Each structure stands twice: as structure tokens, then as C-alpha cells.
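Source file data25.cif; content: mmCIF, C-alpha atoms.
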```cif
data_target
loop_
_atom_site.label_atom_id
_atom_site.label_comp_id
_atom_site.auth_asym_id
_atom_site.auth_seq_id
_atom_site.Cartn_x
_atom_site.Cartn_y
_atom_site.Cartn_z
CA MET A 1 123.52 20.06 121.71
CA THR A 2 126.89 19.19 120.23
CA PRO A 3 128.40 15.66 120.25
CA SER A 4 130.68 16.55 123.18
CA GLU A 5 127.67 17.77 125.18
CA ALA A 6 125.75 14.60 124.38
CA LEU A 7 128.55 12.57 125.95
CA LEU A 8 127.96 14.39 129.25
CA LEU A 9 124.25 13.58 129.43
CA PRO A 10 122.62 10.67 131.21
CA LYS A 11 122.26 7.88 128.68
CA THR A 12 119.15 8.06 126.52
CA GLU A 13 117.69 5.34 124.34
CA ALA A 14 117.94 7.03 120.95
CA TYR A 15 119.95 9.80 119.27
CA VAL A 16 119.19 11.83 116.16
CA VAL A 17 122.37 13.37 114.73
CA ILE A 18 121.74 16.50 112.67
CA ASP A 19 124.12 18.21 110.24
CA ALA A 20 121.73 20.18 108.07
CA LEU A 21 124.45 21.75 105.89
CA ARG A 22 125.00 19.19 104.59
CA ALA A 23 126.02 15.71 105.75
CA THR A 24 122.84 14.23 107.22
CA THR A 25 120.75 15.74 104.44
CA THR A 26 123.05 14.12 101.89
CA ILE A 27 122.93 10.81 103.79
CA ALA A 28 119.12 10.80 103.75
CA VAL A 29 119.15 11.41 100.01
CA LEU A 30 121.77 8.73 99.34
CA PHE A 31 119.61 6.09 101.00
CA HIS A 32 116.47 7.39 99.34
CA ARG A 33 118.23 6.90 96.00
CA GLY A 34 118.82 3.24 96.83
CA LEU A 35 122.19 3.11 98.60
CA LYS A 36 122.59 -0.24 100.36
CA ARG A 37 125.21 0.61 102.98
CA LEU A 38 127.20 3.64 104.06
CA ARG A 39 130.32 3.81 106.19
CA VAL A 40 130.94 7.25 107.66
CA VAL A 41 134.39 8.08 108.98
CA SER A 42 135.93 11.03 110.77
CA ASP A 43 139.10 11.37 108.70
CA VAL A 44 139.81 11.82 104.98
CA ALA A 45 142.90 9.60 105.08
CA GLU A 46 140.85 6.82 106.66
CA ALA A 47 138.18 7.17 103.98
CA ARG A 48 140.80 6.66 101.29
CA ARG A 49 142.38 3.74 103.17
CA ILE A 50 139.21 1.66 103.58
CA ARG A 51 137.79 2.29 100.15
CA ARG A 52 137.17 -0.95 98.24
CA GLU A 53 136.78 -1.46 94.52
CA GLY A 54 133.24 -0.59 93.49
CA THR A 55 132.63 1.52 96.60
CA LEU A 56 131.86 5.18 96.06
CA LEU A 57 133.92 7.76 97.93
CA LEU A 58 132.01 10.89 98.92
CA GLY A 59 132.64 13.87 101.14
CA GLU A 60 134.21 17.25 101.62
CA GLN A 61 137.15 19.02 103.13
CA GLY A 62 136.73 22.77 103.42
CA GLY A 63 133.35 22.30 101.76
CA LEU A 64 134.69 20.79 98.54
CA PRO A 65 135.45 17.21 97.42
CA PRO A 66 138.99 16.11 98.37
CA GLU A 67 141.26 15.07 95.53
CA GLY A 68 140.38 11.68 94.10
CA PHE A 69 136.86 11.53 95.56
CA ASP A 70 133.98 10.43 93.32
CA PHE A 71 131.52 13.00 94.64
CA GLY A 72 131.23 15.77 97.17
CA ASN A 73 128.81 16.27 100.05
CA SER A 74 125.95 17.71 98.03
CA PRO A 75 122.34 16.58 98.52
CA VAL A 76 121.48 18.03 95.11
CA GLU A 77 124.22 15.94 93.52
CA ALA A 78 123.06 12.87 95.45
CA ALA A 79 119.46 13.38 94.32
CA ALA A 80 120.53 12.83 90.71
CA MET A 81 122.27 9.50 91.41
CA THR A 82 120.97 5.97 90.90
CA LEU A 83 122.45 3.99 93.79
CA THR A 84 120.43 0.81 94.10
CA GLY A 85 122.60 -1.84 95.75
CA ARG A 86 125.68 0.38 95.93
CA GLU A 87 127.94 0.98 98.93
CA ALA A 88 129.78 4.17 99.82
CA VAL A 89 132.24 5.78 102.22
CA HIS A 90 131.46 9.29 103.42
CA VAL A 91 133.59 11.82 105.32
CA THR A 92 132.83 15.45 106.19
CA SER A 93 134.17 18.16 108.45
CA ASN A 94 131.36 17.94 111.00
CA GLY A 95 128.48 15.56 110.37
CA THR A 96 130.35 12.29 110.00
CA LYS A 97 132.51 13.19 113.01
CA ALA A 98 129.35 13.68 115.05
CA LEU A 99 127.88 10.36 113.91
CA CYS A 100 131.09 8.55 114.81
CA ALA A 101 131.17 10.23 118.24
CA VAL A 102 127.59 9.34 119.13
CA ALA A 103 127.34 5.87 117.53
CA GLY A 104 127.36 3.19 120.17
CA MET A 105 125.71 5.34 122.85
CA GLY A 106 122.25 4.10 121.85
CA THR A 107 120.09 3.74 118.76
CA THR A 108 121.52 6.39 116.42
CA VAL A 109 120.00 7.77 113.22
CA ALA A 110 120.94 10.59 110.83
CA GLY A 111 118.23 13.24 110.72
CA SER A 112 117.43 16.21 108.52
CA LEU A 113 114.41 18.02 107.14
CA ALA A 114 114.66 15.70 104.15
CA ASN A 115 113.60 12.75 106.33
CA LEU A 116 111.89 14.65 109.16
CA SER A 117 108.63 12.72 109.35
CA VAL A 118 109.93 9.17 109.00
CA VAL A 119 112.78 9.71 111.45
CA SER A 120 110.42 11.39 113.92
CA ASN A 121 108.06 8.43 113.62
CA TYR A 122 110.92 5.99 114.08
CA VAL A 123 112.33 7.52 117.27
CA ALA A 124 108.92 8.32 118.78
CA ARG A 125 108.75 4.74 120.09
CA PHE A 126 111.62 5.35 122.52
CA GLU A 127 111.17 6.61 126.06
CA SER A 128 114.03 9.11 125.69
CA VAL A 129 115.52 10.81 122.64
CA THR A 130 118.47 13.20 122.33
CA LEU A 131 118.82 15.50 119.32
CA VAL A 132 122.53 16.06 118.63
CA CYS A 133 123.51 19.11 116.58
CA SER A 134 126.77 18.46 114.75
CA GLY A 135 127.84 22.09 114.77
CA ASN A 136 130.81 23.58 112.96
CA THR A 137 134.61 23.69 113.32
CA GLY A 138 135.05 19.95 113.57
CA ALA A 139 131.67 19.41 115.25
CA LYS A 140 132.59 21.65 118.20
CA VAL A 141 130.86 25.01 117.66
CA PHE A 142 127.14 25.87 117.70
CA ALA A 143 125.52 25.97 114.26
CA LEU A 144 122.24 27.83 113.79
CA GLU A 145 121.12 25.64 110.90
CA ASP A 146 121.43 22.46 112.97
CA PHE A 147 119.51 23.98 115.87
CA ALA A 148 116.81 25.11 113.45
CA VAL A 149 116.36 21.56 112.17
CA ALA A 150 116.43 20.22 115.74
CA ALA A 151 113.63 22.67 116.51
CA ALA A 152 111.62 21.26 113.61
CA PHE A 153 112.10 17.77 115.08
CA VAL A 154 111.06 18.90 118.56
CA GLN A 155 107.93 20.56 117.21
CA ARG A 156 107.09 17.54 115.05
CA LEU A 157 107.53 15.11 117.98
CA LEU A 158 105.40 17.28 120.25
CA ILE A 159 102.46 16.91 117.86
CA GLU A 160 102.38 13.19 118.66
CA HIS A 161 103.57 13.51 122.28
CA PRO A 162 102.32 16.85 123.60
CA GLY A 163 103.11 15.90 127.19
CA ALA A 164 106.74 14.95 126.57
CA GLN A 165 109.28 16.16 129.12
CA LEU A 166 111.74 18.56 127.44
CA GLY A 167 115.27 19.60 128.28
CA ASP A 168 116.10 23.31 128.37
CA ALA A 169 117.38 23.43 124.78
CA ALA A 170 114.30 21.57 123.56
CA ILE A 171 112.03 24.02 125.40
CA LEU A 172 113.73 26.87 123.56
CA ALA A 173 113.47 24.98 120.28
CA SER A 174 109.76 24.39 120.82
CA ARG A 175 109.15 28.14 121.06
CA ILE A 176 110.84 29.13 117.78
CA SER A 177 108.47 30.34 115.10
CA GLU A 178 109.27 29.11 111.57
CA PRO A 179 112.63 27.52 112.44
CA ILE A 180 113.29 26.41 108.87
CA SER A 181 113.62 30.04 107.80
CA LEU A 182 116.74 30.35 109.98
CA ILE A 183 118.79 27.96 107.84
CA ALA A 184 119.51 30.48 105.10
CA GLU A 185 120.59 33.07 107.70
CA ALA A 186 123.24 30.86 109.32
CA SER A 187 126.90 31.81 109.00
CA HIS A 188 127.69 28.41 107.52
CA ALA A 189 125.08 28.99 104.82
CA GLU A 190 127.08 32.04 103.77
CA ILE A 191 130.19 29.88 103.49
CA VAL A 192 128.33 27.36 101.34
CA ARG A 193 127.09 30.16 99.08
CA GLY A 194 130.64 31.41 98.73
CA LEU A 195 131.63 28.01 97.37
CA GLY A 196 128.99 28.31 94.66
CA LEU A 197 126.73 25.73 96.30
CA GLY A 198 123.70 27.85 97.05
CA HIS A 199 121.46 25.21 95.48
CA ASP A 200 122.28 22.94 98.42
CA ILE A 201 121.01 25.53 100.90
CA GLU A 202 117.68 25.62 99.11
CA TYR A 203 117.52 21.82 99.07
CA VAL A 204 118.17 21.30 102.79
CA GLY A 205 115.12 23.44 103.55
CA ARG A 206 112.80 20.95 101.84
CA VAL A 207 110.76 18.70 104.13
CA ASP A 208 110.31 14.95 103.57
CA VAL A 209 111.89 14.82 100.11
CA ALA A 210 114.05 11.79 101.04
CA PRO A 211 112.05 9.59 103.42
CA SER A 212 114.75 7.22 104.63
CA VAL A 213 115.83 6.19 108.13
CA PRO A 214 119.66 5.95 108.12
CA LEU A 215 120.37 3.80 111.17
CA VAL A 216 123.79 3.03 112.65
CA VAL A 217 124.11 -0.77 112.59
CA ALA A 218 127.79 -1.10 113.58
CA CYS A 219 130.52 1.20 114.82
CA GLY A 220 134.08 1.45 116.09
CA VAL A 221 136.63 4.11 116.83
CA GLY A 222 136.34 6.75 114.10
CA TRP A 223 133.73 4.97 112.00
CA ALA A 224 130.07 4.00 111.88
CA GLU A 225 128.12 1.91 109.38
CA LEU A 226 124.58 2.87 108.42
CA GLU A 227 121.75 1.14 106.62
CA ASN A 228 118.28 2.30 105.70
CA VAL A 229 115.47 0.75 107.73
CA ARG A 230 111.73 0.94 107.31
CA PRO A 231 110.14 3.28 109.83
CA ASP A 232 108.24 0.35 111.36
CA ASP A 233 111.29 -1.90 111.76
CA PRO A 234 112.38 -2.77 115.30
CA GLN A 235 115.58 -1.17 116.58
#
```
Spit out the file's structure as C-alpha cells when you get a sec.
Amino acid sequence: MTPSEALLLPKTEAYVVIDALRATTTIAVLFHRGLKRLRVVSDVAEARRIRREGTLLLGEQGGLPPEGFDFGNSPVEAAAMTLTGREAVHVTSNGTKALCAVAGMGTTVAGSLANLSVVSNYVARFESVTLVCSGNTGAKVFALEDFAVAAAFVQRLLIEHPGAQLGDAAILASRISEPISLIAEASHAEIVRGLGLGHDIEYVGRVDVAPSVPLVVACGVGWAELENVRPDDPQ
């Protein structure tokens, strides 16, 4: 479901926000590479405004890094960084908007195939979990790649909890054969290829390459702050 749909649901204990291409994949990689703290925001101007000296500025607008940004929104680029102890600000067209919209509703983590197992293990302790697909067009329109990753989460969680009660969308997701193969067929994947970033599409299809649990630890209007937690940490 999209962020707006999540707001209409009865409150659940935990939320996994998914933006496969590419925000939550990039976020998982950033923390796996040692990032200490990440502030995601929903607006490029706000990202520039709150940037402090020594803080990295990452993100995209129309798929590419805005002028003056240190890096884009590429998990491949992030995988080559050494970020131990660093802090960063991140803004994207869909994923960071979704995180900001959902943060504060309950325990909220950023999920992707890159951190599938550790995030699944982390949220499995909760009685109720909502998978939120960021979507496209400002986090408003269905995105096949996000649903495919949500399906991978549903199927992974059902291995540990085969009797779990599923919503309608989760039932559909549980029946999809080889959901990961759908990522490359998504319309947004074609857009990413057109920008010359096909290597990112290949990367987001990799499972468990960045085992981090990016957890929202603080939030406000238009922003959320994330830190990496060990899978066995309390909420």
C-alpha cells in the first residue's frame, strides 16, 4: 500500500517502508557502510537548509543529484563509500517522502531486498506489521518494483509465521512466484535505465547484501531521523 493508504488503516505496531528503486535500498547500504545517522526529508530546499558542515548531502530530483549535492541516490555509489561515524541528509522523489509520512505512526524501518532478512527478523516480534510501498509520482502512484519487494517480505515472514493473518494485498503478494524478477520489468526501472543507471537496477535485486536495520528514532513534519540498530535490539 502507499503512504496515503497506510494512514487510513487501523494503527499497527510496526511499518516497513519500501522504495526499491532506489531510496530504501540506498539507505540500507549507507548504514551498512558505517553511516552513524541519517535525516531524510521530503523537500530539496529543506535538505539544503538543514545541512551542517561535515554532513553529506545525498538524493535525487528527477532521478539525478540536484545541483550542489555530494552524491545521488545510488546504492552502487553508496556501496563504494566509507562512512563510519558520518552523518547525512537524504531527499528523494518518493522514498523519503514516504518515510516522513509514516514516521511517528509506529515503529518504522526502511526495508529493501538488500536488508530483507534482518529487517524481517526485526519486525517479526511485533503483533502487527504494515508494509508500505512508496510508489511513484511523489509517493502517490502504485510501483511494481515496491510491490515485488513487499511480496518478498511477506513470503519471508510467512516462513517464520505460517499462520499469520494477512490483508488482501498481502494475500496477493504471498501468491506471486519469483517476485524479485518483476523489478526489472517495472516502468520506473525503464526510467532509471534511461538515466544511464542500469547498474542500480541490478543491485536492488540482490538479497541481504547490506544487512542493516534503519530505524526511525525521531521525526517531525517533513523529516525523520534514522539510525542503524542491531536486529536483536528492543524497539
Spatial neighbours of Val44 of chain A, 8 Å, all atoms listed in the file, chain gap at least 6 places, as a list in words: Gln61, Pro66, Val91 and Thr92 of chain A
Hey, can you spit out that residue selection with C-alpha atoms as a compact mmCIF listing (two decimals), in the coordinates of the input?
```txt
# COMPACT_ATOMS: atom_id res chain seq x y z
CA GLN A 61 137.15 19.02 103.13
CA PRO A 66 138.99 16.11 98.37
CA VAL A 91 133.59 11.82 105.32
CA THR A 92 132.83 15.45 106.19
```
Neighbouring residues of segment 71-73 of chain A were defined as those with any atom within 6 Å, considering all atoms listed in the file; residues of the same chain fewer than 3 positions away were excluded. Please report them as a PyMOL selection string. chain A and resi 58-60+65
Please list as a PyMOL selection string every residue within 12 Å of Tyr203 of chain A, counting only C-alpha atoms and excluding residues in the same chain fewer than 2 positions away. chain A and resi 20-22+25-26+29+74-79+112-114+180+183-184+189+197-201+205-210
Rounded to one decimal in Å, what is the spacing between atom CA of Ala103 of chain A and atom CA of Val17 of chain A? 9.4 Å
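Take atom CA of Val221 of chain A and atom CA of Phe69 of chain A: the distance between them is 22.5 Å.
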Would you list the contacts of Gly106 of chain A as a PyMOL selection string, taking every protein, DNA or RNA residue within 7 Å and counting only C-alpha atoms, but skipping same-chain residues closer than 2 positions in sequence? chain A and resi 12-15+103-104+108
Using the chain letters and numbering of this document, enumerate as a count of residues only the residues selected by the PyMOL selection byres ((chain A and resi 47) around 12). 35
